[in-house]
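Novice: Structure supplied as my_file-v1.pdb; contents: PDB, C-alpha atoms.
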```pdb
ATOM      1  CA  MET A  13      11.796 -48.888 -16.449
ATOM      2  CA  ARG A  14      14.768 -46.721 -17.299
ATOM      3  CA  THR A  15      13.293 -45.858 -20.701
ATOM      4  CA  ALA A  16      10.057 -44.540 -19.207
ATOM      5  CA  HIS A  17      12.008 -42.399 -16.755
ATOM      6  CA  THR A  18      14.138 -40.961 -19.574
ATOM      7  CA  ALA A  19      11.050 -40.148 -21.633
ATOM      8  CA  PHE A  20       9.565 -38.279 -18.686
ATOM      9  CA  VAL A  21      12.696 -36.229 -18.200
ATOM     10  CA  VAL A  22      12.831 -35.349 -21.914
ATOM     11  CA  ASN A  23       9.190 -34.289 -21.918
ATOM     12  CA  LEU A  24       9.699 -32.211 -18.800
ATOM     13  CA  HIS A  25      12.759 -30.577 -20.327
ATOM     14  CA  LEU A  26      10.818 -29.683 -23.490
ATOM     15  CA  TYR A  27       8.021 -28.194 -21.432
ATOM     16  CA  ILE A  28      10.420 -26.041 -19.448
ATOM     17  CA  ALA A  29      12.205 -24.926 -22.614
ATOM     18  CA  SER A  30       8.922 -23.688 -24.090
ATOM     19  CA  CYS A  31       7.752 -22.075 -20.853
ATOM     20  CA  PRO A  32       7.315 -18.288 -21.360
ATOM     21  CA  ILE A  33       9.269 -17.422 -18.200
ATOM     22  CA  THR A  34      12.494 -19.024 -19.354
ATOM     23  CA  SER A  35      15.391 -17.543 -21.222
ATOM     24  CA  ARG A  36      16.187 -19.322 -24.492
ATOM     25  CA  SER A  37      19.920 -18.877 -24.037
ATOM     26  CA  SER A  38      20.188 -20.070 -20.449
ATOM     27  CA  ARG A  39      17.091 -22.304 -20.159
ATOM     28  CA  LYS A  40      16.833 -21.391 -16.485
ATOM     29  CA  ILE A  41      13.514 -20.719 -14.838
ATOM     30  CA  LYS A  42      13.164 -17.268 -13.322
ATOM     31  CA  HIS A  43      11.347 -17.345  -9.998
ATOM     32  CA  PHE A  44       9.001 -14.463  -9.314
ATOM     33  CA  LYS A  45       8.079 -13.949  -5.673
ATOM     34  CA  MET A  46       4.885 -11.962  -6.034
ATOM     35  CA  ARG A  47       2.933 -12.562  -2.872
ATOM     36  CA  LYS A  48       0.039 -10.363  -1.819
ATOM     37  CA  VAL A  49       0.748  -8.717   1.505
ATOM     38  CA  ASP A  50      -0.260  -5.664   3.482
ATOM     39  CA  LEU A  51       2.273  -3.310   1.945
ATOM     40  CA  CYS A  52       1.599  -0.581   4.525
ATOM     41  CA  LEU A  53       2.956  -2.436   7.544
ATOM     42  CA  SER A  54       6.137  -1.094   9.103
ATOM     43  CA  SER A  55       7.278  -4.718   9.333
ATOM     44  CA  GLU A  56       7.322  -4.707   5.487
ATOM     45  CA  GLY A  57       9.740  -1.744   5.543
ATOM     46  CA  THR A  58       7.120   0.953   5.009
ATOM     47  CA  GLU A  59       7.497   4.306   6.799
ATOM     48  CA  VAL A  60       5.449   7.399   7.457
ATOM     49  CA  ILE A  61       7.978  10.011   6.345
ATOM     50  CA  PHE A  62       5.855  13.129   6.879
ATOM     51  CA  ALA A  63       2.826  14.201   8.888
ATOM     52  CA  THR A  64       1.453  17.702   9.432
ATOM     53  CA  SER A  65       0.724  17.023  13.080
ATOM     54  CA  SER A  66       1.977  14.718  15.778
ATOM     55  CA  ASP A  67       0.884  13.990  19.303
ATOM     56  CA  GLU A  68       3.524  12.141  21.334
ATOM     57  CA  LYS A  69       0.871   9.709  22.600
ATOM     58  CA  HIS A  70      -0.511   9.108  19.079
ATOM     59  CA  PRO A  71       2.329   9.474  16.528
ATOM     60  CA  PRO A  72       1.926   8.880  12.771
ATOM     61  CA  GLU A  73       3.783   5.553  12.925
ATOM     62  CA  ASN A  74       0.787   4.103  14.762
ATOM     63  CA  MET A  75      -1.160   3.931  11.482
ATOM     64  CA  ILE A  76       1.164   1.257  10.060
ATOM     65  CA  ASP A  77       2.248  -0.684  13.161
ATOM     66  CA  GLY A  78      -0.391  -3.425  12.765
ATOM     67  CA  ASN A  79      -1.751  -2.799  16.281
ATOM     68  CA  PRO A  80      -5.535  -2.167  16.289
ATOM     69  CA  GLU A  81      -5.236  -0.324  19.619
ATOM     70  CA  THR A  82      -3.014   2.496  18.301
ATOM     71  CA  PHE A  83      -3.768   5.458  16.012
ATOM     72  CA  TRP A  84      -2.577   8.845  14.740
ATOM     73  CA  THR A  85      -4.553  11.915  15.643
ATOM     74  CA  THR A  86      -4.638  15.323  14.051
ATOM     75  CA  THR A  87      -4.137  18.374  16.229
ATOM     76  CA  GLY A  88      -6.902  20.510  14.743
ATOM     77  CA  MET A  89      -7.198  22.690  11.618
ATOM     78  CA  PHE A  90      -7.587  21.202   8.167
ATOM     79  CA  PRO A  91      -6.288  20.071   5.768
ATOM     80  CA  GLN A  92      -3.974  17.577   7.495
ATOM     81  CA  GLU A  93      -1.744  15.151   5.622
ATOM     82  CA  PHE A  94       0.762  12.348   5.863
ATOM     83  CA  ILE A  95       3.044  10.604   3.377
ATOM     84  CA  ILE A  96       3.777   6.883   3.319
ATOM     85  CA  CYS A  97       7.002   5.636   1.697
ATOM     86  CA  PHE A  98       7.209   2.027   0.520
ATOM     87  CA  HIS A  99      10.971   2.089  -0.299
ATOM     88  CA  LYS A 100      10.127   0.038  -3.428
ATOM     89  CA  HIS A 101       7.774   0.118  -6.382
ATOM     90  CA  VAL A 102       4.497  -1.553  -5.466
ATOM     91  CA  ARG A 103       1.200  -2.336  -7.154
ATOM     92  CA  ILE A 104      -1.744  -1.702  -4.852
ATOM     93  CA  GLU A 105      -4.973  -3.533  -5.572
ATOM     94  CA  LYS A 106      -7.014  -2.510  -2.531
ATOM     95  CA  LEU A 107      -6.694   0.160   0.155
ATOM     96  CA  VAL A 108      -8.480   0.036   3.505
ATOM     97  CA  ILE A 109      -8.443   3.104   5.749
ATOM     98  CA  GLN A 110      -9.848   2.934   9.263
ATOM     99  CA  SER A 111     -10.475   6.389  10.664
ATOM    100  CA  TYR A 112     -12.702   8.476  12.852
ATOM    101  CA  PHE A 113     -14.309  11.867  12.032
ATOM    102  CA  VAL A 114     -12.731  12.099   8.532
ATOM    103  CA  ARG A 115     -15.148  13.819   6.134
ATOM    104  CA  THR A 116     -13.205  14.188   2.871
ATOM    105  CA  LEU A 117     -10.074  12.180   2.076
ATOM    106  CA  ARG A 118      -7.836  12.749  -0.947
ATOM    107  CA  ILE A 119      -5.084  10.294  -1.858
ATOM    108  CA  GLU A 120      -2.263  11.248  -4.195
ATOM    109  CA  LYS A 121       0.424   8.946  -5.560
ATOM    110  CA  SER A 122       3.955   9.216  -6.848
ATOM    111  CA  THR A 123       6.179   6.748  -8.667
ATOM    112  CA  SER A 124       9.304   8.891  -8.255
ATOM    113  CA  LYS A 125      12.378   7.918  -6.249
ATOM    114  CA  GLU A 126      11.744  10.967  -4.039
ATOM    115  CA  PRO A 127       8.411  12.180  -2.581
ATOM    116  CA  VAL A 128       7.706  14.587  -5.463
ATOM    117  CA  ASP A 129       5.468  14.768  -8.543
ATOM    118  CA  PHE A 130       2.310  13.607  -6.784
ATOM    119  CA  GLU A 131      -0.823  13.225  -8.859
ATOM    120  CA  GLN A 132      -4.350  13.034  -7.508
ATOM    121  CA  TRP A 133      -5.466   9.420  -7.462
ATOM    122  CA  ILE A 134      -8.571   9.026  -5.286
ATOM    123  CA  GLU A 135     -10.929  11.382  -3.457
ATOM    124  CA  ARG A 136     -13.757  10.210  -1.228
ATOM    125  CA  ASP A 137     -16.370  11.699   1.044
ATOM    126  CA  LEU A 138     -16.643   9.354   4.004
ATOM    127  CA  VAL A 139     -19.784   8.640   5.992
ATOM    128  CA  HIS A 140     -19.806   9.677   9.646
ATOM    129  CA  THR A 141     -20.242   6.622  11.857
ATOM    130  CA  GLU A 142     -21.090   7.712  15.394
ATOM    131  CA  GLY A 143     -19.245   5.668  18.000
ATOM    132  CA  GLN A 144     -17.437   3.364  15.557
ATOM    133  CA  LEU A 145     -14.548   3.517  13.106
ATOM    134  CA  GLN A 146     -15.054   4.488   9.490
ATOM    135  CA  ASN A 147     -13.903   1.544   7.402
ATOM    136  CA  GLU A 148     -13.285   2.817   3.859
ATOM    137  CA  GLU A 149     -12.369   0.116   1.338
ATOM    138  CA  ILE A 150     -11.077   1.298  -2.029
ATOM    139  CA  LEU A 151     -10.401  -0.959  -5.008
ATOM    140  CA  ALA A 152      -7.421   0.623  -6.705
ATOM    141  CA  ARG A 153      -7.032   1.293 -10.408
ATOM    142  CA  ASP A 154      -3.564   2.060 -11.762
ATOM    143  CA  GLY A 155      -2.093   1.389  -8.327
ATOM    144  CA  HIS A 156       1.620   1.568  -9.180
ATOM    145  CA  VAL A 157       3.277   3.734  -6.510
ATOM    146  CA  THR A 158       6.364   4.387  -4.413
ATOM    147  CA  TYR A 159       4.764   7.085  -2.212
ATOM    148  CA  LEU A 160       1.206   7.834  -1.112
ATOM    149  CA  ARG A 161       0.109  11.219   0.237
ATOM    150  CA  PHE A 162      -3.124  11.164   2.251
ATOM    151  CA  ILE A 163      -4.829  14.527   2.685
ATOM    152  CA  ILE A 164      -7.659  14.876   5.170
ATOM    153  CA  VAL A 165      -9.371  17.791   3.468
ATOM    154  CA  SER A 166     -12.108  18.176   6.066
ATOM    155  CA  ALA A 167     -13.502  16.453   9.146
ATOM    156  CA  PHE A 168     -16.745  16.092  11.077
ATOM    157  CA  ASP A 169     -15.101  17.563  14.204
ATOM    158  CA  HIS A 170     -12.079  19.682  15.181
ATOM    159  CA  PHE A 171      -9.933  16.544  15.387
ATOM    160  CA  ALA A 172      -9.769  13.340  13.352
ATOM    161  CA  SER A 173      -7.858  10.096  13.736
ATOM    162  CA  VAL A 174      -6.493   7.435  11.407
ATOM    163  CA  HIS A 175      -6.245   4.034  13.058
ATOM    164  CA  SER A 176      -4.794   2.051  10.174
ATOM    165  CA  VAL A 177      -3.905   2.226   6.523
ATOM    166  CA  SER A 178      -3.718  -1.100   4.752
ATOM    167  CA  ALA A 179      -2.710  -1.720   1.137
ATOM    168  CA  GLU A 180      -3.170  -5.152  -0.361
ATOM    169  CA  GLY A 181      -0.854  -5.737  -3.282
ATOM    170  CA  VAL A 182       2.568  -6.859  -4.400
ATOM    171  CA  ALA A 183       6.074  -5.458  -4.497
ATOM    172  CA  VAL A 184       7.010  -4.986  -8.145
ATOM    173  CA  SER A 185      10.673  -3.960  -7.866
ATOM    174  CA  ASN A 186      13.217  -2.260  -5.657
ATOM    175  CA  LEU A 187      14.117   1.388  -6.139
ATOM    176  CA  SER A 188      17.306   1.632  -8.162
TER     177      SER A 188
END
```
Take the structure I supplied and represent it as structure tokens, if you would.

Specialist:
Amino acid sequence: MRTAHTAFVVNLHLYIASCPITSRSSRKIKHFKMRKVDLCLSSEGTEVIFATSSDEKHPPENMIDGNPETFWTTTGMFPQEFIICFHKHVRIEKLVIQSYFVRTLRIEKSTSKEPVDFEQWIERDLVHTEGQLQNEEILARDGHVTYLRFIIVSAFDHFASVHSVSAEGVAVSNLS
């Protein structure tokens, strides 16, 4: 019985030694915690660090609080924008924006440590949905970011609202 147990341990050891996520010198397995989450939630450490308008009853933070009853509203005139900071490098696979009265939405991204050097990433014309939220789902290509700038270029009315911004993906690394 002891011999069979020893053979199993040896085989397991050889498998681990040839595993691509091990270091040859240390032979220790590196654990990667890459779980898909909603990266835009404030509970994940994400913040809205800038918004062109703010109503005390409907502040920008409402877009990322996870509460379907809250939202951010513009205070007229377009374009309007807000910037989301992840405080880490993330890889976004899918964005979902729930809004009302948004006509044209541009999303820019930055991988810098500061909210600078934005490049245009996505631009969409949304469909007006009378009496219900616009639910825009965007599959992301090249979704490596640290900051996202959302620009509401135009709207179907004098005011628009963003009820939630959701980003499915994984944290890649911390900012150093």

Novice: Any chance you could resolve the PyMOL selection byres ((chain A and resi 108-121) around 8) against this file and give the residues as number ranges by chain?

Specialist: A: 106-107, 122-123, 130-141, 144-150, 157-169, 171-179

Novice: Produce a file of the selected residues containing C-alpha atoms, as an mmCIF file, in the frame of the given file.

Specialist:
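Wrote again.cif, looks like this:
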```
data_model
loop_
_atom_site.group_PDB
_atom_site.id
_atom_site.type_symbol
_atom_site.label_atom_id
_atom_site.label_comp_id
_atom_site.auth_asym_id
_atom_site.auth_seq_id
_atom_site.Cartn_x
_atom_site.Cartn_y
_atom_site.Cartn_z
ATOM 1 C CA LYS A 106 -7.014 -2.510 -2.531
ATOM 2 C CA LEU A 107 -6.694 0.160 0.155
ATOM 3 C CA SER A 122 3.955 9.216 -6.848
ATOM 4 C CA THR A 123 6.179 6.748 -8.667
ATOM 5 C CA PHE A 130 2.310 13.607 -6.784
ATOM 6 C CA GLU A 131 -0.823 13.225 -8.859
ATOM 7 C CA GLN A 132 -4.350 13.034 -7.508
ATOM 8 C CA TRP A 133 -5.466 9.420 -7.462
ATOM 9 C CA ILE A 134 -8.571 9.026 -5.286
ATOM 10 C CA GLU A 135 -10.929 11.382 -3.457
ATOM 11 C CA ARG A 136 -13.757 10.210 -1.228
ATOM 12 C CA ASP A 137 -16.370 11.699 1.044
ATOM 13 C CA LEU A 138 -16.643 9.354 4.004
ATOM 14 C CA VAL A 139 -19.784 8.640 5.992
ATOM 15 C CA HIS A 140 -19.806 9.677 9.646
ATOM 16 C CA THR A 141 -20.242 6.622 11.857
ATOM 17 C CA GLN A 144 -17.437 3.364 15.557
ATOM 18 C CA LEU A 145 -14.548 3.517 13.106
ATOM 19 C CA GLN A 146 -15.054 4.488 9.490
ATOM 20 C CA ASN A 147 -13.903 1.544 7.402
ATOM 21 C CA GLU A 148 -13.285 2.817 3.859
ATOM 22 C CA GLU A 149 -12.369 0.116 1.338
ATOM 23 C CA ILE A 150 -11.077 1.298 -2.029
ATOM 24 C CA VAL A 157 3.277 3.734 -6.510
ATOM 25 C CA THR A 158 6.364 4.387 -4.413
ATOM 26 C CA TYR A 159 4.764 7.085 -2.212
ATOM 27 C CA LEU A 160 1.206 7.834 -1.112
ATOM 28 C CA ARG A 161 0.109 11.219 0.237
ATOM 29 C CA PHE A 162 -3.124 11.164 2.251
ATOM 30 C CA ILE A 163 -4.829 14.527 2.685
ATOM 31 C CA ILE A 164 -7.659 14.876 5.170
ATOM 32 C CA VAL A 165 -9.371 17.791 3.468
ATOM 33 C CA SER A 166 -12.108 18.176 6.066
ATOM 34 C CA ALA A 167 -13.502 16.453 9.146
ATOM 35 C CA PHE A 168 -16.745 16.092 11.077
ATOM 36 C CA ASP A 169 -15.101 17.563 14.204
ATOM 37 C CA PHE A 171 -9.933 16.544 15.387
ATOM 38 C CA ALA A 172 -9.769 13.340 13.352
ATOM 39 C CA SER A 173 -7.858 10.096 13.736
ATOM 40 C CA VAL A 174 -6.493 7.435 11.407
ATOM 41 C CA HIS A 175 -6.245 4.034 13.058
ATOM 42 C CA SER A 176 -4.794 2.051 10.174
ATOM 43 C CA VAL A 177 -3.905 2.226 6.523
ATOM 44 C CA SER A 178 -3.718 -1.100 4.752
ATOM 45 C CA ALA A 179 -2.710 -1.720 1.137
#
```

Novice: Using only C-alpha atoms for the distances, tell me which of A:Glu93, A:Ile76, A:Val184, A:Val128 is nearest to A:Ser55.

Specialist: A:Ile76

Novice: Counting all atoms listed in the file, figure out which residue out of A:Gly57, A:Gly155, A:Gly143, A:Pro91 gets nearest to A:Asp77.

Specialist: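 Checking each of A:Gly57, A:Gly155, A:Gly143, A:Pro91 against A:Asp77, counting all atoms listed in the file, the winner is A:Gly57.
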
Novice: Separation of atom CA of A:Leu187 and atom CA of A:Cys97, in Å?

Specialist: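 Interatomic distance, atom CA of A:Leu187 to atom CA of A:Cys97: 11.4 Å.
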
Novice: So that I can check the surroundings of A:Leu51, please list as a list of chain:residue names every protein, DNA and RNA residue that reaches within 8 Å of it, counting all atoms listed in the file and ignoring chain neighbours fewer than 4 positions away.

Specialist: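 Final neighbour list, sorted by chain and number: A:Glu56, A:Thr58, A:Phe98, A:Val102, A:Ser178, A:Ala179, A:Glu180, A:Gly181, A:Val182, A:Ala183.
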
Novice: With distances taken over all atoms listed in the file, which of A:Glu105, A:Gly88, A:Ile61, A:Lys125 is nearest to A:Val49?

Specialist: A:Glu105
